[in-house]
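The structure file upload_34.txt is reproduced below (compact mmCIF, C-alpha atoms).
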# COMPACT_ATOMS: atom_id res chain seq x y z
CA MET A 1 0.00 0.00 0.00
CA SER A 2 2.73 2.42 0.73
CA GLU A 3 4.46 1.82 -2.61
CA ARG A 4 1.20 2.28 -4.53
CA GLY A 5 0.49 5.50 -2.59
CA GLU A 6 3.91 6.86 -3.40
CA THR A 7 3.48 5.96 -7.01
CA ALA A 8 0.14 7.78 -7.18
CA GLU A 9 1.57 10.83 -5.46
CA THR A 10 4.53 10.82 -7.82
CA ALA A 11 2.21 10.63 -10.84
CA GLU A 12 0.05 13.43 -9.49
CA THR A 13 3.13 15.57 -8.87
CA THR A 14 4.41 14.86 -12.37
CA GLY A 15 1.02 15.78 -13.91
CA LYS A 16 0.91 19.06 -12.03
CA ALA A 17 4.44 19.87 -13.17
CA GLU A 18 3.58 19.11 -16.76
CA ALA A 19 0.40 21.22 -16.54
CA ALA A 20 2.35 24.16 -15.09
CA GLY A 21 4.93 23.81 -17.87
CA ASN A 22 2.26 23.83 -20.49
CA ALA A 23 0.67 26.93 -18.92
CA GLU A 24 4.01 28.70 -18.88
CA THR A 25 4.56 27.75 -22.54
CA VAL A 26 1.13 29.15 -23.50
CA GLU A 27 1.82 32.35 -21.60
CA THR A 28 5.23 32.64 -23.27
CA ASP A 29 3.67 32.20 -26.75
CA GLU A 30 1.01 34.80 -26.00
CA ASN A 31 3.64 37.30 -24.85
CA ARG A 32 5.69 36.65 -27.97
CA LEU A 33 2.66 37.20 -30.23
CA ARG A 34 1.77 40.42 -28.43
CA LYS A 35 5.32 41.68 -28.88
CA GLU A 36 5.30 40.82 -32.56
CA LEU A 37 1.91 42.46 -33.26
CA PRO A 38 1.80 46.29 -33.54
CA GLU A 39 0.39 48.22 -30.70
CA GLU A 40 -3.29 48.94 -30.82
CA VAL A 41 -4.21 52.44 -32.00
CA PRO A 42 -7.34 54.14 -30.71
CA ALA A 43 -10.10 54.72 -33.31
CA ALA A 44 -9.99 58.51 -32.91
CA ALA A 45 -6.23 58.61 -33.45
CA ALA A 46 -6.57 56.43 -36.57
CA GLY A 47 -9.22 58.76 -38.07
CA GLN A 48 -7.06 61.80 -37.36
CA GLU A 49 -4.04 60.22 -39.07
CA ALA A 50 -6.21 59.34 -42.10
CA SER A 51 -7.55 62.91 -42.39
CA GLU A 52 -4.03 64.31 -42.11
CA GLY A 53 -2.87 61.99 -44.89
CA THR A 54 -5.79 62.99 -47.11
CA ALA A 55 -5.15 66.71 -46.51
CA LYS A 56 -1.47 66.23 -47.28
CA SER A 57 -2.33 64.37 -50.50
CA ALA A 58 -4.84 67.07 -51.56
CA SER A 59 -2.38 69.81 -50.80
CA THR A 60 0.24 68.03 -52.83
CA GLY A 61 -2.23 67.67 -55.79
CA ARG A 62 -3.05 71.39 -55.73
CA GLN A 63 0.61 72.25 -55.67
CA ARG A 64 1.26 69.99 -58.64
CA LEU A 65 -1.66 71.58 -60.55
CA ALA A 66 -0.40 75.08 -59.78
CA GLN A 67 3.08 74.14 -60.87
CA GLY A 68 1.71 72.73 -64.12
CA LEU A 69 -0.28 75.87 -64.93
CA TRP A 70 2.24 78.49 -63.95
CA PRO A 71 4.50 79.56 -65.43
CA PRO A 72 2.70 78.82 -68.73
CA ARG A 73 4.59 76.78 -71.29
CA VAL A 74 3.52 77.85 -74.80
CA THR A 75 4.88 76.05 -77.81
CA ARG A 76 5.20 77.54 -81.28
CA ALA A 77 2.40 75.36 -82.65
CA GLN A 78 0.04 76.48 -79.87
CA LEU A 79 0.89 80.13 -80.57
CA ILE A 80 0.15 79.74 -84.30
CA VAL A 81 -3.18 78.03 -83.56
CA ALA A 82 -4.12 80.81 -81.12
CA VAL A 83 -3.36 83.50 -83.72
CA LEU A 84 -5.42 81.69 -86.38
CA LEU A 85 -8.36 81.27 -84.01
CA PHE A 86 -8.19 84.95 -83.07
CA GLY A 87 -8.24 85.96 -86.74
CA LEU A 88 -11.18 83.68 -87.44
CA GLY A 89 -13.12 85.03 -84.47
CA PHE A 90 -12.43 88.61 -85.47
CA GLY A 91 -13.60 87.99 -89.02
CA LEU A 92 -16.81 86.37 -87.80
CA ALA A 93 -17.45 89.26 -85.43
CA VAL A 94 -17.03 91.81 -88.25
CA GLN A 95 -19.34 89.80 -90.52
CA VAL A 96 -22.01 89.53 -87.85
CA ALA A 97 -21.74 93.25 -87.10
CA SER A 98 -22.11 94.20 -90.78
CA ASN A 99 -25.12 91.90 -91.19
CA SER A 100 -26.65 93.32 -88.02
CA ASP A 101 -26.31 96.87 -89.39
CA GLY A 102 -28.18 95.90 -92.58
CA ASP A 103 -30.86 94.07 -90.63
CA SER A 104 -31.31 96.97 -88.21
CA ALA A 105 -31.89 99.33 -91.15
CA LEU A 106 -34.72 97.11 -92.39
CA ARG A 107 -36.13 96.58 -88.89
CA GLY A 108 -36.34 100.34 -88.42
CA ALA A 109 -38.05 100.91 -91.78
CA ARG A 110 -41.67 101.87 -92.04
CA GLN A 111 -44.26 99.53 -93.51
CA GLU A 112 -44.58 101.55 -96.72
CA ASP A 113 -40.79 101.48 -97.14
CA LEU A 114 -40.73 97.70 -96.81
CA VAL A 115 -43.54 97.42 -99.35
CA ARG A 116 -41.59 99.62 -101.74
CA ILE A 117 -38.46 97.46 -101.32
CA LEU A 118 -40.48 94.34 -102.07
CA ASP A 119 -41.98 96.03 -105.13
CA GLU A 120 -38.50 96.91 -106.35
CA LEU A 121 -37.36 93.31 -105.99
CA ASP A 122 -40.42 92.15 -107.89
CA ASP A 123 -39.67 94.67 -110.66
CA ARG A 124 -36.08 93.40 -110.97
CA THR A 125 -37.33 89.84 -111.20
CA GLN A 126 -39.82 90.89 -113.87
CA ARG A 127 -37.09 92.65 -115.89
CA LEU A 128 -34.96 89.52 -115.86
CA GLU A 129 -37.95 87.44 -116.91
CA ASP A 130 -38.71 89.86 -119.77
CA GLU A 131 -35.12 89.69 -120.94
CA LYS A 132 -35.25 85.91 -120.87
CA GLN A 133 -38.47 85.89 -122.92
CA GLY A 134 -36.96 88.34 -125.40
CA LEU A 135 -33.96 86.09 -125.99
CA GLU A 136 -36.20 83.07 -126.42
CA LYS A 137 -38.30 85.00 -128.93
CA GLN A 138 -35.20 85.90 -130.94
CA ARG A 139 -34.15 82.26 -131.00
CA GLN A 140 -37.57 81.16 -132.20
CA GLU A 141 -37.59 83.82 -134.92
CA LEU A 142 -34.25 82.61 -136.16
CA GLU A 143 -35.42 79.02 -136.18
CA ASN A 144 -38.80 79.71 -137.84
CA SER A 145 -37.85 82.46 -140.30
CA SER A 146 -37.83 81.47 -143.98
CA ASP A 147 -34.96 83.82 -144.64
CA GLN A 148 -32.73 83.13 -141.67
CA ALA A 149 -29.83 85.17 -143.05
CA GLU A 150 -31.94 88.35 -143.27
CA GLU A 151 -33.42 87.78 -139.83
CA ALA A 152 -29.96 87.24 -138.37
CA ARG A 153 -28.78 90.49 -140.00
CA LYS A 154 -31.67 92.45 -138.46
CA GLN A 155 -30.99 91.04 -135.04
CA THR A 156 -27.29 91.80 -135.42
CA VAL A 157 -28.01 95.43 -136.26
CA GLU A 158 -30.34 95.74 -133.28
CA LYS A 159 -27.80 94.09 -131.01
CA GLU A 160 -25.11 96.43 -132.28
CA ARG A 161 -27.29 99.43 -131.43
CA GLN A 162 -27.93 98.10 -127.92
CA LEU A 163 -24.25 97.41 -127.34
CA GLY A 164 -23.39 100.86 -128.66
CA ILE A 165 -25.68 102.41 -126.04
CA LEU A 166 -24.13 100.34 -123.29
CA ALA A 167 -20.61 101.11 -124.50
CA GLY A 168 -21.41 104.81 -124.79
CA THR A 169 -20.49 105.07 -128.47
CA VAL A 170 -23.96 106.22 -129.58
CA ALA A 171 -26.43 108.70 -128.12
CA ALA A 172 -29.63 107.53 -126.48
CA GLN A 173 -32.96 108.95 -125.42
CA GLY A 174 -35.97 107.69 -123.55
CA PRO A 175 -37.86 107.96 -120.26
CA GLY A 176 -35.89 108.22 -117.05
CA ILE A 177 -34.91 110.54 -114.22
CA THR A 178 -32.64 113.44 -113.47
CA MET A 179 -30.87 113.47 -110.10
CA THR A 180 -29.10 116.60 -108.90
CA ILE A 181 -26.75 116.50 -105.90
CA ASP A 182 -25.90 119.92 -104.45
CA ASP A 183 -22.81 119.64 -102.24
CA THR A 184 -22.23 123.03 -100.61
CA LYS A 185 -20.14 121.57 -97.76
CA GLY A 186 -17.80 119.62 -100.01
CA THR A 187 -18.49 116.38 -98.13
CA VAL A 188 -19.59 114.22 -101.06
CA GLU A 189 -16.85 111.80 -102.09
CA ALA A 190 -16.25 109.54 -105.06
CA ASP A 191 -17.44 106.37 -103.33
CA MET A 192 -20.84 107.96 -102.63
CA LEU A 193 -21.34 108.81 -106.30
CA LEU A 194 -20.21 105.30 -107.23
CA ASP A 195 -22.83 103.86 -104.89
CA ALA A 196 -25.45 105.95 -106.67
CA ILE A 197 -24.32 104.61 -110.07
CA GLN A 198 -24.37 101.02 -108.83
CA GLU A 199 -27.85 101.45 -107.34
CA LEU A 200 -29.14 102.92 -110.60
CA ARG A 201 -27.65 100.06 -112.60
CA ALA A 202 -29.24 97.52 -110.27
CA ALA A 203 -32.59 99.27 -110.75
CA GLY A 204 -32.40 98.87 -114.54
CA ALA A 205 -30.63 102.01 -115.78
CA GLU A 206 -29.66 101.58 -119.44
CA ALA A 207 -27.66 104.79 -119.96
CA ILE A 208 -26.10 107.18 -117.43
CA GLN A 209 -24.39 110.53 -117.85
CA VAL A 210 -22.81 112.55 -115.02
CA ASN A 211 -21.94 116.21 -115.70
CA GLY A 212 -21.28 115.55 -119.37
CA VAL A 213 -19.30 112.33 -118.85
CA ARG A 214 -20.78 109.06 -120.14
CA VAL A 215 -20.77 106.26 -117.60
CA VAL A 216 -19.92 102.82 -119.01
CA ALA A 217 -19.05 99.39 -117.62
CA ASN A 218 -15.40 100.23 -116.85
CA THR A 219 -16.01 103.73 -115.48
CA TYR A 220 -14.02 104.61 -112.36
CA LEU A 221 -14.37 107.51 -109.92
CA THR A 222 -11.64 109.06 -107.78
CA ASP A 223 -11.42 111.92 -105.31
CA SER A 224 -9.66 115.00 -106.65
CA GLY A 225 -9.28 117.53 -103.85
CA LYS A 226 -12.78 118.81 -103.08
CA SER A 227 -14.15 117.49 -106.35
CA VAL A 228 -14.47 114.14 -108.10
CA SER A 229 -12.92 112.73 -111.27
CA VAL A 230 -14.88 110.41 -113.57
CA ASP A 231 -12.58 108.41 -115.83
CA GLY A 232 -9.97 111.11 -115.34
CA ASN A 233 -12.42 113.97 -116.13
CA LYS A 234 -12.74 116.37 -113.22
CA ILE A 235 -16.31 117.33 -112.31
CA THR A 236 -17.57 119.70 -109.63
CA ALA A 237 -20.79 120.14 -107.69
CA PRO A 238 -23.63 120.23 -108.31
CA TYR A 239 -23.48 116.69 -109.66
CA ARG A 240 -26.18 116.11 -112.28
CA PHE A 241 -27.13 112.54 -113.21
CA LYS A 242 -29.12 111.94 -116.42
CA VAL A 243 -30.43 108.38 -116.39
CA ILE A 244 -32.49 106.49 -118.95
CA GLY A 245 -34.63 103.70 -117.59
CA LYS A 246 -37.99 102.98 -116.00
CA PRO A 247 -38.70 105.99 -113.75
CA GLN A 248 -40.95 104.05 -111.38
CA ASP A 249 -38.04 101.71 -110.68
CA LEU A 250 -35.18 104.19 -110.60
CA GLU A 251 -36.59 106.73 -108.15
CA PRO A 252 -37.66 104.25 -105.42
CA ALA A 253 -34.26 102.56 -105.64
CA LEU A 254 -32.57 105.82 -104.63
CA ASN A 255 -35.01 106.52 -101.79
CA ILE A 256 -34.97 103.18 -99.97
CA PRO A 257 -34.14 103.35 -96.22
CA GLY A 258 -30.39 103.58 -95.79
CA GLY A 259 -29.99 104.12 -99.55
CA VAL A 260 -28.28 106.76 -101.67
CA VAL A 261 -30.49 109.73 -100.80
CA GLN A 262 -30.36 109.17 -97.03
CA THR A 263 -26.58 108.66 -97.13
CA LEU A 264 -26.03 111.90 -99.04
CA GLU A 265 -28.40 113.83 -96.79
CA LYS A 266 -26.42 112.65 -93.76
CA GLU A 267 -23.43 114.36 -95.36
CA GLN A 268 -25.49 117.58 -95.52
CA ALA A 269 -25.95 117.35 -99.29
CA THR A 270 -29.21 118.19 -101.03
CA VAL A 271 -30.65 115.63 -103.44
CA ALA A 272 -33.42 116.30 -105.95
CA VAL A 273 -34.89 113.56 -108.17
CA GLU A 274 -37.22 114.36 -111.09
CA ARG A 275 -39.00 111.97 -113.42
CA SER A 276 -39.20 112.70 -117.13
CA THR A 277 -40.69 111.05 -120.19
CA LYS A 278 -37.69 112.06 -122.30
CA ILE A 279 -34.10 112.05 -121.14
CA VAL A 280 -31.32 112.64 -123.66
CA VAL A 281 -27.90 111.11 -122.99
CA ASP A 282 -25.65 112.52 -125.68
CA ALA A 283 -22.16 112.32 -124.14
CA LEU A 284 -20.18 109.82 -126.23
CA ARG A 285 -17.16 107.63 -125.69
CA ALA A 286 -14.72 106.83 -128.46
CA ALA A 287 -14.89 103.21 -129.55
CA LYS A 288 -11.72 101.47 -128.47
CA GLN A 289 -9.98 99.55 -131.20
CA PRO A 290 -8.51 96.22 -130.12
CA ASP A 291 -4.74 95.88 -130.43
CA TYR A 292 -4.58 92.14 -131.01
CA ALA A 293 -8.09 90.76 -131.46
CA ARG A 294 -9.35 90.24 -135.00
CA SER A 295 -12.72 89.03 -136.27
CA SER A 296 -12.83 85.38 -137.17
CA SER A 297 -15.23 83.31 -139.21
CA GLN A 298 -14.65 80.29 -136.99
Write-out of the structure in structure tokens:
Amino acid sequence: MSERGETAETAETTGKAEAAGNAETVETDENRLRKELPEEVPAAAAGQEASEGTAKSASTGRQRLAQGLWPPRVTRAQLIVAVLLFGLGFGLAVQVASNSDGDSALRGARQEDLVRILDELDDRTQRLEDEKQGLEKQRQELENSSDQAEEARKQTVEKERQLGILAGTVAAQGPGITMTIDDTKGTVEADMLLDAIQELRAAGAEAIQVNGVRVVANTYLTDSGKSVSVDGNKITAPYRFKVIGKPQDLEPALNIPGGVVQTLEKEQATVAVERSTKIVVDALRAAKQPDYARSSSQ
């Protein structure tokens, strides 16, 4: 009994020793793991560090953006493109401004003025249609005439007369208007008279004479001191236009809003327009002989 008791006590003592050793080993492993793991950080401190990192990153991004924008780095290609875009924008602005000026003149016109402008456009369309019908009639006469040679000769003579009137080599008479521009202030310039000629031509003028000088297709006007030169011929005020054409078309064309008469009156000039059933344009131009061109049967 005593040996068995000692054996039991020895086993119990050995078990307790082994259990204590195992406990110490567990505690040692836990201490080692705690030492290896980083220290715990409070939640508030972690949020603060995150916000500081974000602010530092944002600040760094702004600094990089500022450094990229300033000082500016402009290449030659970018400079050329900028100049071209500026020129294009300026041209568009000028075009829009000029169109706006024309539109504003029509917007400010009275109803009767707008009706008169529309009538003038209708008259121009009708003149073109009449000219087209006249040419078609000539073609039909040539095709249907039994003596085509004689008919062609008649049409050639008539065409020669018409071209002579346009070229200023023959005198002409017919209904039309007389426009007198009295320029006491000396403010009327060559471009204003040229505008009047162009407006008359657009309204159907067939022959024009200014102060004894015949106006033709290649007529030019220049300023000459306080007067104006027409094809090198000096003329002085008052400027007297003798125009052959349809009076009911010519006069309204000069009096449209923003037209010739209003422009001249703004320059303190006096304009008088008179209709007449007979206007004589007798100033002639010498027929110019060609230096190299010769008639050909081909």
Correct to one decimal, the distance atom CA of A:Val157-atom CA of A:Val170 is 13.3 Å
Atomic separation - atom CA of A:Ile117 relative to atom CA of A:Pro257, Å
8.9 Å
Please indicate the distance in Å from atom CA of A:Ala172 to atom CA of A:Arg214, rounded to one decimal place.
11.0 Å
Can you pull out every residue within 12 Å of A:Arg285, counting only C-alpha atoms, but drop anything in the same chain fewer than 6 positions away, and send it as a count of residues only?
18
With distances taken over only C-alpha atoms, which residue among A:Gln63, A:Thr270, A:Gln111, A:Ser229 lies nearest A:Lys185?
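Result for the nearest residue to A:Lys185: A:Thr270.
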Restricting the calculation to all atoms listed in the file: of A:Ala283, A:Leu79, A:Val96, A:Val188, which residue gets closest to A:Val260?
A:Val188
Contact residues around A:Met192 with all atoms listed in the file at 12 Å, ignoring same-chain residues under 4 positions, as a list in words
Ile181, Asp183, Thr187, Val188, Ala196, Ile197, Gln198, Glu199, Leu221, Thr222, Asp223, Val228, Tyr239, Gly259, Val260, Val261, Gln262, Thr263, Leu264, Glu265, Lys266, Glu267 and Ala269 of chain A
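Near A:Thr184, within 8 Å and counting only C-alpha atoms, sit Asp182, Gly186, Ala237 and Ala269 of chain A; same-chain residues fewer than 2 positions away were not included.
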What's the 12 Å shell around A:Glu112, counting all atoms listed in the file, without same-chain residues fewer than 5 positions away, as a VMD selection string?
chain A and resid 106 117 to 119 252 255 to 257
